[in-house]
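Undergrad: mmCIF, C-alpha atoms, saved as start_15.cif, coming up:
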data_model
loop_
_atom_site.label_atom_id
_atom_site.label_comp_id
_atom_site.auth_asym_id
_atom_site.auth_seq_id
_atom_site.Cartn_x
_atom_site.Cartn_y
_atom_site.Cartn_z
CA MET C 1 -6.85 -7.79 10.09
CA ARG C 2 -3.65 -9.82 9.82
CA CYS C 3 -5.70 -13.00 10.38
CA ILE C 4 -7.94 -12.06 7.45
CA ILE C 5 -4.90 -11.47 5.24
CA GLU C 6 -3.42 -14.85 6.18
CA PHE C 7 -6.78 -16.53 5.54
CA LYS C 8 -6.92 -14.97 2.06
CA ARG C 9 -3.35 -16.09 1.38
CA LYS C 10 -4.27 -19.63 2.43
CA ILE C 11 -7.14 -19.61 -0.08
CA ILE C 12 -4.76 -18.37 -2.79
CA ARG C 13 -2.31 -21.19 -1.96
CA LEU C 14 -5.11 -23.77 -2.13
CA LEU C 15 -6.31 -22.40 -5.47
CA LEU C 16 -2.82 -22.35 -6.95
CA GLN C 17 -2.12 -25.90 -5.75
CA CYS C 18 -5.46 -27.12 -7.21
CA GLU C 19 -6.58 -28.20 -3.73
CA MET C 20 -9.71 -26.05 -3.87
CA MET C 21 -12.27 -25.71 -6.63
CA PRO C 22 -12.09 -22.14 -7.92
CA THR C 23 -15.23 -20.11 -7.40
CA LEU C 24 -13.13 -16.95 -7.40
CA MET C 25 -10.17 -16.19 -9.62
CA PRO C 26 -6.84 -16.50 -7.79
CA LEU C 27 -5.94 -12.99 -8.99
CA LEU C 28 -9.14 -11.66 -7.42
CA MET C 29 -8.17 -13.25 -4.09
CA ASP C 30 -4.68 -11.75 -4.41
CA HIS C 31 -6.29 -8.41 -5.30
CA ILE C 32 -8.44 -8.28 -2.15
CA THR C 33 -5.48 -9.44 -0.05
CA ARG C 34 -3.38 -6.53 -1.34
CA GLU C 35 -6.26 -4.17 -0.52
CA ALA C 36 -6.24 -5.37 3.09
CA MET C 37 -2.46 -4.98 3.28
CA HIS C 38 -2.73 -1.44 1.88
CA PHE C 39 -5.27 -0.60 4.57
CA LEU C 40 -2.84 -1.82 7.24
CA ASN C 41 -0.07 0.27 5.67
CA LEU C 42 -2.29 3.35 5.84
CA LEU C 43 -2.86 2.65 9.52
CA GLY C 44 0.89 2.45 10.01
CA VAL C 45 0.92 -1.23 11.01
CA GLY C 46 1.81 -2.71 7.63
CA ARG C 47 5.15 -3.43 6.09
CA PRO C 48 8.24 -1.66 7.42
CA VAL C 49 10.06 0.93 5.34
CA GLU C 50 12.69 -0.80 3.25
CA MET C 51 16.35 0.15 3.19
CA GLY C 52 16.99 2.83 0.56
CA GLU C 53 13.29 3.62 0.14
CA THR C 54 12.80 7.39 -0.15
CA PRO C 55 9.69 9.39 0.80
CA LEU C 56 9.23 10.20 -2.90
CA ALA C 57 9.45 6.51 -3.84
CA ARG C 58 6.87 5.65 -1.13
CA LEU C 59 4.42 8.20 -2.56
CA LEU C 60 4.87 6.87 -6.07
CA ALA C 61 4.55 3.29 -4.78
CA ARG C 62 1.04 4.19 -3.58
CA GLU C 63 0.21 5.16 -7.16
CA VAL C 64 1.62 1.83 -8.35
CA PHE C 65 -0.63 0.01 -5.87
CA TRP C 66 -3.77 1.83 -7.03
CA LEU C 67 -2.95 1.74 -10.73
CA ARG C 68 -2.55 -2.02 -10.50
CA LEU C 69 -5.95 -2.28 -8.78
CA MET C 70 -7.62 -0.10 -11.43
CA LYS C 71 -6.09 -2.19 -14.22
CA GLU C 72 -7.28 -5.38 -12.55
CA HIS C 73 -10.78 -3.95 -12.09
CA ILE C 74 -10.92 -3.42 -15.84
CA GLU C 75 -9.66 -6.95 -16.49
CA PHE C 76 -12.32 -8.38 -14.16
CA VAL C 77 -15.01 -6.35 -15.94
CA LEU C 78 -13.78 -7.66 -19.30
CA HIS C 79 -14.47 -11.19 -18.03
CA LEU C 80 -17.99 -10.32 -16.84
CA VAL C 81 -19.35 -8.57 -19.93
CA ASP C 82 -21.04 -10.61 -22.65
CA PRO C 83 -18.97 -10.84 -25.87
CA SER C 84 -21.85 -9.25 -27.83
CA GLU C 85 -21.29 -5.98 -25.94
CA ARG C 86 -18.53 -5.01 -28.38
CA THR C 87 -18.66 -1.24 -27.83
CA LEU C 88 -18.49 -1.60 -24.07
CA LEU C 89 -15.71 -4.17 -24.34
CA HIS C 90 -13.76 -1.90 -26.69
CA GLN C 91 -14.02 0.99 -24.20
CA ALA C 92 -12.90 -1.28 -21.36
CA GLU C 93 -9.98 -2.57 -23.43
CA GLU C 94 -8.86 1.01 -24.14
CA PHE C 95 -8.92 1.70 -20.39
CA ARG C 96 -6.96 -1.51 -19.76
CA MET C 97 -4.24 -0.46 -22.20
CA ARG C 98 -4.11 3.08 -20.78
CA PHE C 99 -3.84 1.89 -17.18
CA SER C 100 -1.24 -0.73 -18.17
CA ARG C 101 0.93 2.05 -19.61
CA LEU C 102 0.38 4.27 -16.55
CA LEU C 103 1.26 1.38 -14.25
CA GLU C 104 4.52 0.68 -16.09
CA SER C 105 5.47 4.38 -15.98
CA ALA C 106 4.65 4.55 -12.26
CA ARG C 107 6.86 1.53 -11.60
CA ASP C 108 9.69 3.15 -13.57
CA PHE C 109 9.32 6.47 -11.73
CA THR C 110 9.20 4.70 -8.36
CA SER C 111 12.42 2.90 -9.19
CA MET C 112 14.06 6.15 -10.35
CA ALA C 113 12.93 7.93 -7.17
CA GLU C 114 14.90 5.44 -5.10
CA ALA C 115 18.02 7.21 -6.40
CA ALA C 116 16.94 10.18 -4.20
CA PRO C 117 17.07 12.86 -6.93
CA LYS C 118 17.22 16.48 -5.81
CA THR C 119 14.24 17.25 -8.06
CA PHE C 120 11.75 15.05 -9.85
CA ASN C 121 9.25 17.44 -11.41
CA VAL C 122 7.74 14.74 -13.62
CA SER C 123 6.11 13.17 -10.54
CA VAL C 124 3.51 15.96 -10.14
CA ARG C 125 2.71 16.03 -13.86
CA PHE C 126 2.40 12.25 -13.91
CA THR C 127 0.12 12.25 -10.86
CA GLU C 128 -2.15 14.79 -12.56
CA GLU C 129 -2.23 12.58 -15.66
CA VAL C 130 -3.21 9.62 -13.47
CA MET C 131 -5.93 11.74 -11.83
CA ALA C 132 -7.46 12.61 -15.21
CA ALA C 133 -7.42 8.97 -16.35
CA THR C 134 -8.90 7.79 -13.05
CA ARG C 135 -11.74 10.33 -13.25
CA GLN C 136 -12.62 8.99 -16.71
CA LEU C 137 -12.46 5.40 -15.47
CA ARG C 138 -14.59 6.26 -12.43
CA ASP C 139 -17.22 7.79 -14.73
CA PHE C 140 -17.12 4.69 -16.96
CA LYS C 141 -17.67 2.47 -13.90
CA ALA C 142 -20.53 4.71 -12.68
CA THR C 143 -22.25 4.49 -16.06
CA ALA C 144 -21.82 0.72 -16.14
CA HIS C 145 -23.32 0.48 -12.64
CA GLU C 146 -26.34 2.57 -13.68
CA LEU C 147 -26.85 0.44 -16.79
CA LEU C 148 -26.60 -2.77 -14.77
CA LEU C 149 -29.21 -1.47 -12.34
CA VAL C 150 -31.75 -1.14 -15.16
CA CYS C 151 -30.63 -4.35 -16.92
CA ARG C 152 -29.17 -2.57 -19.95
CA ILE C 153 -25.89 -4.52 -20.09
CA LEU C 154 -25.52 -8.19 -20.91
CA SER C 155 -23.24 -9.49 -18.20
CA THR C 156 -22.54 -12.31 -15.80
CA ALA C 157 -21.98 -9.87 -12.92
CA PRO C 158 -23.84 -11.44 -10.00
CA THR C 159 -24.96 -8.01 -8.77
CA PRO C 160 -24.59 -4.36 -9.83
CA LEU C 161 -23.07 -3.75 -6.38
CA ILE C 162 -19.78 -5.21 -7.61
CA VAL C 163 -19.44 -2.47 -10.21
CA ASP C 164 -20.53 0.14 -7.66
CA HIS C 165 -17.82 -1.19 -5.34
CA ILE C 166 -15.08 -0.74 -7.94
CA ARG C 167 -16.44 2.73 -8.74
CA ARG C 168 -16.11 3.65 -5.05
CA GLU C 169 -12.54 2.33 -5.09
CA ALA C 170 -11.79 4.70 -7.97
CA ASP C 171 -13.18 7.53 -5.80
CA LYS C 172 -10.87 6.44 -2.97
CA PHE C 173 -7.92 6.42 -5.37
CA LEU C 174 -8.80 9.96 -6.44
CA GLU C 175 -8.85 11.05 -2.77
CA GLU C 176 -5.41 9.54 -2.23
CA LEU C 177 -4.13 11.09 -5.47
CA VAL C 178 -5.07 14.56 -4.20
CA GLU C 179 -3.07 13.88 -1.04
CA ILE C 180 -0.15 12.39 -3.01
CA ARG C 181 -0.08 15.36 -5.40
CA GLU C 182 0.00 17.83 -2.50
CA ARG C 183 2.78 15.93 -0.76
CA LEU C 184 4.73 15.75 -4.03
CA ARG C 185 4.36 19.52 -4.44
CA GLU C 186 5.59 20.04 -0.87
CA PHE C 187 8.49 17.68 -1.54
CA GLU C 188 9.44 19.62 -4.69
CA ALA C 189 9.18 22.96 -2.84
CA LEU C 190 11.48 21.71 -0.07
CA LEU C 191 13.99 20.46 -2.60
CA ARG C 192 13.97 23.78 -4.47
CA ARG C 193 14.60 25.68 -1.22
CA GLY C 194 17.45 23.34 -0.31
CA ARG C 195 19.37 23.88 -3.56
#
Here is a file; write its structure as structure tokens.

TA:
Amino acid sequence: MRCIIEFKRKIIRLLLQCEMMPTLMPLLMDHITREAMHFLNLLGVGRPVEMGETPLARLLAREVFWLRLMKEHIEFVLHLVDPSERTLLHQAEEFRMRFSRLLESARDFTSMAEAAPKTFNVSVRFTEEVMAATRQLRDFKATAHELLLVCRILSTAPTPLIVDHIRREADKFLEELVEIRERLREFEALLRRGR
């Protein structure tokens, strides 16, 4: 897996240095590299825990990772849909703005959590807000996939499988959010008992 990550990074370097003709966007290559690194982290062989990083901050950092991916999925979709699909593009742009705001909040909360607060009740509420937004985005992606399958969207997407792939990633994010929310609730309960 580490060899694959290094290979992807090499491609990114070549793209950024204009030594390779771009057939994929550099951000897309970076995106799939971060996905591979996240997978290694889940297996426990990824990056080491950083000094001062709290368990709460690590949980919120997982939300940052996924929120960034969801925002990028939307941005990629915006580049694949024909400009005449104004309603669809407007919906996608609304999702992009919503996930941009959620991402910025998640980054702020992650930074605040590094101060090791005794309680941080906003984290559970925020995670539930992210869950609701992600469910809506997942449904949007599922509808787009179905429409692509029957050729009802004007798009340059090479295959409907790409949109199905990003829909499945939203499902994976929702699975992780359930786990994160439960761990945040446990964290809060422990803190309340320790007061």

Undergrad: Using the chain letters and numbering of this document, enumerate as an MDAnalysis selection string the residues selected by the PyMOL selection byres ((chain C and resi 125) around 12).

TA: chainID C and resid 106 109 120:124 126:132 177 180:182 184:185 188

Undergrad: Using atom CA of Pro83 of chain C and atom CA of Phe65 of chain C as the two end points, give the distance in Å to one decimal.

TA: 29.2 Å

Undergrad: May I have the residues within 8 Å of Thr54 of chain C as a ChimeraX atom specification, using all atoms listed in the file and disregarding those fewer than 2 positions away in the same chain?

TA: /C:52,56-58,113-114,116

Undergrad: Give the answer as one residue: which of C:Leu102, C:Ile5, C:Ala115, C:Leu137 has the shortest atom-to-atom distance to Ile74 of chain C, using all atoms listed in the file?

TA: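 Once distances to Ile74 of chain C are computed over all atoms listed in the file, the minimum belongs to C:Leu137.
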
Undergrad: I need the residue set behind the PyMOL selection byres ((chain C and resi 36) around 10) for this file; please write it as JSON, numbers by chain.

TA: {"C": [1, 2, 4, 5, 8, 30, 31, 32, 33, 34, 35, 37, 38, 39, 40, 41, 42, 46]}

Undergrad: One number please: atom CA of Glu179 of chain C to atom CA of Val163 of chain C, in Å, one decimal.

TA: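 That distance, rounded to one decimal, is 24.9 Å.
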
Undergrad: Check which residues satisfy the PyMOL selection byres ((chain C and resi 154) around 9) in the file shown, then give them as a PyMOL selection string.

TA: chain C and resi 80-85+148+151-153+155-157

Undergrad: Once you count only C-alpha atoms, which residues end up no further than 10 Å from (-16.1, 3.8, -8.0) in the file's frame, shown as a ChimeraX atom specification?

TA: /C:70,134-135,137-142,145,162-174

Undergrad: Which one of C:Val77, C:Met21, C:Leu27, C:Met97 sits closest to Arg9 of chain C if you count only C-alpha atoms?

TA: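 Smallest separation from Arg9 of chain C among the options: C:Leu27.
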
Undergrad: Kindly write segment 85-177 of chain C with C-alpha atoms to a file, as a compact mmCIF listing (two decimals), in the first residue's frame.

TA:
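out_33.txt, freshly written:
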# COMPACT_ATOMS: atom_id res chain seq x y z
CA GLU C 85 -27.83 21.42 -16.63
CA ARG C 86 -28.43 24.57 -14.58
CA THR C 87 -30.76 23.04 -11.97
CA LEU C 88 -28.41 20.16 -11.29
CA LEU C 89 -25.42 22.50 -11.16
CA HIS C 90 -27.26 24.81 -8.76
CA GLN C 91 -28.01 21.87 -6.43
CA ALA C 92 -24.38 20.75 -6.59
CA GLU C 93 -23.17 24.29 -5.87
CA GLU C 94 -25.43 24.48 -2.80
CA PHE C 95 -23.91 21.21 -1.55
CA ARG C 96 -20.41 22.57 -2.24
CA MET C 97 -21.08 25.67 -0.16
CA ARG C 98 -22.66 23.63 2.66
CA PHE C 99 -19.77 21.16 2.81
CA SER C 100 -17.23 24.01 2.62
CA ARG C 101 -18.82 25.55 5.72
CA LEU C 102 -18.95 22.18 7.52
CA LEU C 103 -15.31 21.54 6.66
CA GLU C 104 -14.20 24.89 8.06
CA SER C 105 -16.19 24.31 11.26
CA ALA C 106 -14.71 20.80 11.61
CA ARG C 107 -11.20 22.22 11.24
CA ASP C 108 -11.95 24.85 13.89
CA PHE C 109 -13.41 22.26 16.30
CA THR C 110 -10.44 19.94 15.74
CA SER C 111 -8.06 22.76 16.58
CA MET C 112 -10.08 23.66 19.69
CA ALA C 113 -10.14 20.02 20.80
CA GLU C 114 -6.35 20.01 20.93
CA ALA C 115 -6.71 22.21 24.04
CA ALA C 116 -8.07 19.06 25.78
CA PRO C 117 -11.30 20.62 27.11
CA LYS C 118 -13.08 18.83 29.93
CA THR C 119 -16.30 18.92 27.89
CA PHE C 120 -17.01 19.68 24.26
CA ASN C 121 -20.72 19.03 23.81
CA VAL C 122 -20.83 20.77 20.44
CA SER C 123 -18.92 17.85 18.89
CA VAL C 124 -21.88 15.44 19.07
CA ARG C 125 -24.34 18.03 17.75
CA PHE C 126 -21.95 18.93 14.95
CA THR C 127 -21.44 15.27 14.01
CA GLU C 128 -25.21 14.80 13.80
CA GLU C 129 -25.42 17.88 11.56
CA VAL C 130 -22.71 16.38 9.33
CA MET C 131 -24.63 13.08 9.24
CA ALA C 132 -27.80 14.82 8.03
CA ALA C 133 -25.92 16.74 5.32
CA THR C 134 -24.08 13.61 4.20
CA ARG C 135 -27.32 11.63 3.91
CA GLN C 136 -28.72 14.35 1.63
CA LEU C 137 -25.53 14.38 -0.44
CA ARG C 138 -25.54 10.59 -0.69
CA ASP C 139 -29.12 10.69 -1.97
CA PHE C 140 -28.17 13.39 -4.50
CA LYS C 141 -25.29 11.21 -5.74
CA ALA C 142 -27.57 8.14 -5.94
CA THR C 143 -30.11 10.07 -8.02
CA ALA C 144 -27.36 11.37 -10.31
CA HIS C 145 -26.07 7.81 -10.77
CA GLU C 146 -29.55 6.54 -11.67
CA LEU C 147 -30.03 9.39 -14.16
CA LEU C 148 -26.64 8.73 -15.74
CA LEU C 149 -27.51 5.06 -16.14
CA VAL C 150 -30.51 5.96 -18.30
CA CYS C 151 -28.73 8.83 -20.10
CA ARG C 152 -30.84 11.57 -18.51
CA ILE C 153 -27.96 13.89 -17.59
CA LEU C 154 -25.72 15.74 -20.01
CA SER C 155 -22.25 15.06 -18.72
CA THR C 156 -18.69 14.22 -19.63
CA ALA C 157 -18.51 11.51 -16.96
CA PRO C 158 -16.81 8.60 -18.70
CA THR C 159 -19.03 6.10 -16.88
CA PRO C 160 -21.90 6.17 -14.35
CA LEU C 161 -19.70 3.98 -12.13
CA ILE C 162 -17.73 7.07 -11.09
CA VAL C 163 -20.82 8.62 -9.55
CA ASP C 164 -21.76 5.29 -7.97
CA HIS C 165 -18.26 5.15 -6.49
CA ILE C 166 -18.60 8.55 -4.83
CA ARG C 167 -22.07 7.57 -3.59
CA ARG C 168 -20.55 4.49 -1.93
CA GLU C 169 -17.89 6.71 -0.35
CA ALA C 170 -20.68 8.81 1.18
CA ASP C 171 -22.12 5.57 2.60
CA LYS C 172 -18.71 4.75 4.08
CA PHE C 173 -18.52 8.23 5.61
CA LEU C 174 -21.94 7.69 7.18
CA GLU C 175 -20.73 4.39 8.68
CA GLU C 176 -17.70 6.13 10.17
CA LEU C 177 -19.86 9.00 11.42
